[in-house]
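Visitor: Here you go, one structure.
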Amino acid sequence: MKKTIVSAKHVKKIYGGKGNLFPALGGVDLTVNEGEFIGIMGPSGSGKSTMLNILATIDQATSGEIIVDGVNINVMKEHELSEFRRNKLGFIFQDYNLLDTLTVKENIILPLALSKTDVTELENRVALIAEKFNITELLSKYPYQISGGQKQRTAAARAIITRPSIVLADEPTGALDSKAATDLLQALTSLNEVDGATILIVTHDAFAASFCRRVLFLRDGEIFTEIVKGDHPRKVFFKKILDVLTVLGGNANDAV
């Protein structure tokens, strides 16, 4: 039986106060098991980014229970959350968040800087992860010397090098052209299928979501439906995603 990495029950998030309340999440239940590759989609304002931010401990739920890798993140103090993020969570952001003053290699190993990882172990990890994301030849370069797709693969390598319990990606292909997006998504798929990495991405892009094994759709702060890829080819799954987006009222053409 697969280990449960994320168990979220009746998660609500309400912004504002004094009669001017906005419910961003209306009671979401979500389970992510070890080794899953899950996408979260929905129209603008559906709550998908709010849900990701709560799971990432960047934001806090108004109510509900959220267990990540066996820990109730709602009751943790800030210094505990900081250590938890560093050791248990990997992040991939749309805008890369790389430091231009560090080389690609230095950016990748940055999360391990505080963990006192053995140098040999660190070098081995960098070599393996760079090969997986096809950036070995870029390790001595600086972020301003490489393309957007290469930056995002560097960011993904940085997210993975700590061997987190789950990788959380926020619109990881949003700033990439189609080839760079495909390269990144294929690398993440390999990481999931070969290495068993647990990955959750929030995206508006049906093409990106079609690489996932399961896609949840949010509408008005609640889960509208979910679809599972199963044994279907990716192109068939892509069409199913577009069909749901059409029902949701999103512009399917924008999602391609």
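Residues in the structure tokens are numbered from 1 in each chain, the chains being A, B, ... in the order shown, and ligands are numbered from 1 in the order shown.
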Write out as a list in words each polymer residue whose atoms come within 9 Å of Ala169 (chain A), counting only C-alpha atoms; drop sequence neighbours fewer than 2 positions from it.
Guide: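 Everything that qualifies: Leu52, Gly90, Phe91, Ile92, Phe93, Gln94, Ala156, Val167, Glu171, Pro172, Ile199, Leu200, Ile201, Val202 and Thr203 of chain A.
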Visitor: Taking only C-alpha atoms into account, produce a table as JSON lines in which each residue of region 158-211 of chain A with an atom at most 9 Å from an atom of region 140-150 of chain A appears once, together with its shortest atom pair and the distance in Å to one decimal, ordered by chain and rising number.
Guide:
{"residue": "A:Thr173", "atom": "CA", "partner": "A:Gly149", "partner_atom": "CA", "distance": 8.6}
{"residue": "A:Ala175", "atom": "CA", "partner": "A:Gly148", "partner_atom": "CA", "distance": 7.5}
{"residue": "A:Leu176", "atom": "CA", "partner": "A:Gly149", "partner_atom": "CA", "distance": 6.1}
{"residue": "A:Asp177", "atom": "CA", "partner": "A:Gly149", "partner_atom": "CA", "distance": 7.8}
{"residue": "A:Lys179", "atom": "CA", "partner": "A:Gly149", "partner_atom": "CA", "distance": 8.3}
{"residue": "A:Ala180", "atom": "CA", "partner": "A:Gly149", "partner_atom": "CA", "distance": 4.7}
{"residue": "A:Ala181", "atom": "CA", "partner": "A:Gly149", "partner_atom": "CA", "distance": 7.0}
{"residue": "A:Asp183", "atom": "CA", "partner": "A:Gly149", "partner_atom": "CA", "distance": 7.9}
{"residue": "A:Leu184", "atom": "CA", "partner": "A:Gly149", "partner_atom": "CA", "distance": 7.4}
Visitor: Counting only C-alpha atoms, what is within 12 Å of Ala127 (chain A), bar same-chain residues fewer than 4 positions away, as an MDAnalysis selection string?
Guide: chainID A and resid 105 108:109 120:123 131:139 157 161
Visitor: Those same residues - N, CA and C atoms - I'd like them written as a compact mmCIF listing (two decimals), in the first residue's frame.
Guide:
# COMPACT_ATOMS: atom_id res chain seq x y z
N LYS A 105 25.48 25.04 -10.99
CA LYS A 105 25.78 24.02 -9.98
C LYS A 105 25.54 24.57 -8.57
N ILE A 108 21.88 24.78 -7.77
CA ILE A 108 21.28 23.48 -7.52
C ILE A 108 21.57 22.99 -6.10
N ILE A 109 22.82 23.18 -5.65
CA ILE A 109 23.18 22.65 -4.32
C ILE A 109 22.81 23.58 -3.17
N THR A 120 31.32 14.41 -1.05
CA THR A 120 31.24 13.33 -2.05
C THR A 120 29.78 13.03 -2.40
N GLU A 121 28.95 12.94 -1.36
CA GLU A 121 27.52 12.72 -1.58
C GLU A 121 26.91 13.86 -2.39
N LEU A 122 27.29 15.08 -2.05
CA LEU A 122 26.77 16.25 -2.75
C LEU A 122 27.16 16.21 -4.23
N GLU A 123 28.41 15.92 -4.52
CA GLU A 123 28.87 15.85 -5.91
C GLU A 123 28.15 14.75 -6.68
N GLU A 131 22.31 15.10 -14.97
CA GLU A 131 22.14 14.19 -16.11
C GLU A 131 20.67 13.97 -16.42
N LYS A 132 19.85 13.82 -15.37
CA LYS A 132 18.42 13.60 -15.57
C LYS A 132 17.76 14.78 -16.29
N PHE A 133 18.21 15.99 -15.98
CA PHE A 133 17.61 17.17 -16.58
C PHE A 133 18.42 17.71 -17.76
N ASN A 134 19.42 16.92 -18.19
CA ASN A 134 20.21 17.26 -19.38
C ASN A 134 20.85 18.64 -19.28
N ILE A 135 21.45 18.93 -18.13
CA ILE A 135 22.10 20.23 -17.93
C ILE A 135 23.54 20.07 -17.44
N THR A 136 24.12 18.89 -17.64
CA THR A 136 25.48 18.63 -17.16
C THR A 136 26.48 19.65 -17.72
N GLU A 137 26.33 19.95 -19.00
CA GLU A 137 27.27 20.87 -19.65
C GLU A 137 27.07 22.32 -19.23
N LEU A 138 26.02 22.58 -18.45
CA LEU A 138 25.72 23.96 -18.04
C LEU A 138 26.17 24.26 -16.61
N LEU A 139 26.69 23.30 -15.90
CA LEU A 139 26.93 23.45 -14.46
C LEU A 139 27.85 24.62 -14.11
N ALA A 157 15.99 20.81 -10.90
CA ALA A 157 17.08 20.04 -10.27
C ALA A 157 17.30 20.48 -8.84
N ILE A 161 17.06 17.92 -5.49
CA ILE A 161 18.34 17.45 -4.94
C ILE A 161 18.26 17.09 -3.46
Visitor: My list of candidates is A:Asp95, A:Lys12, A:Phe238, A:Val244. Which is closest to Ala61 (chain A) when distances are computed with only C-alpha atoms?
Guide: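 Of all the options, A:Lys12 lies closest to Ala61 (chain A).
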Visitor: Return the single residue from A:Gly39, A:Gly70, A:Gly45, A:Gly16 that is closest to Glu222 (chain A), with distances computed using only C-alpha atoms.
Guide: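 For Glu222 (chain A), the nearest of the candidates is A:Gly45.
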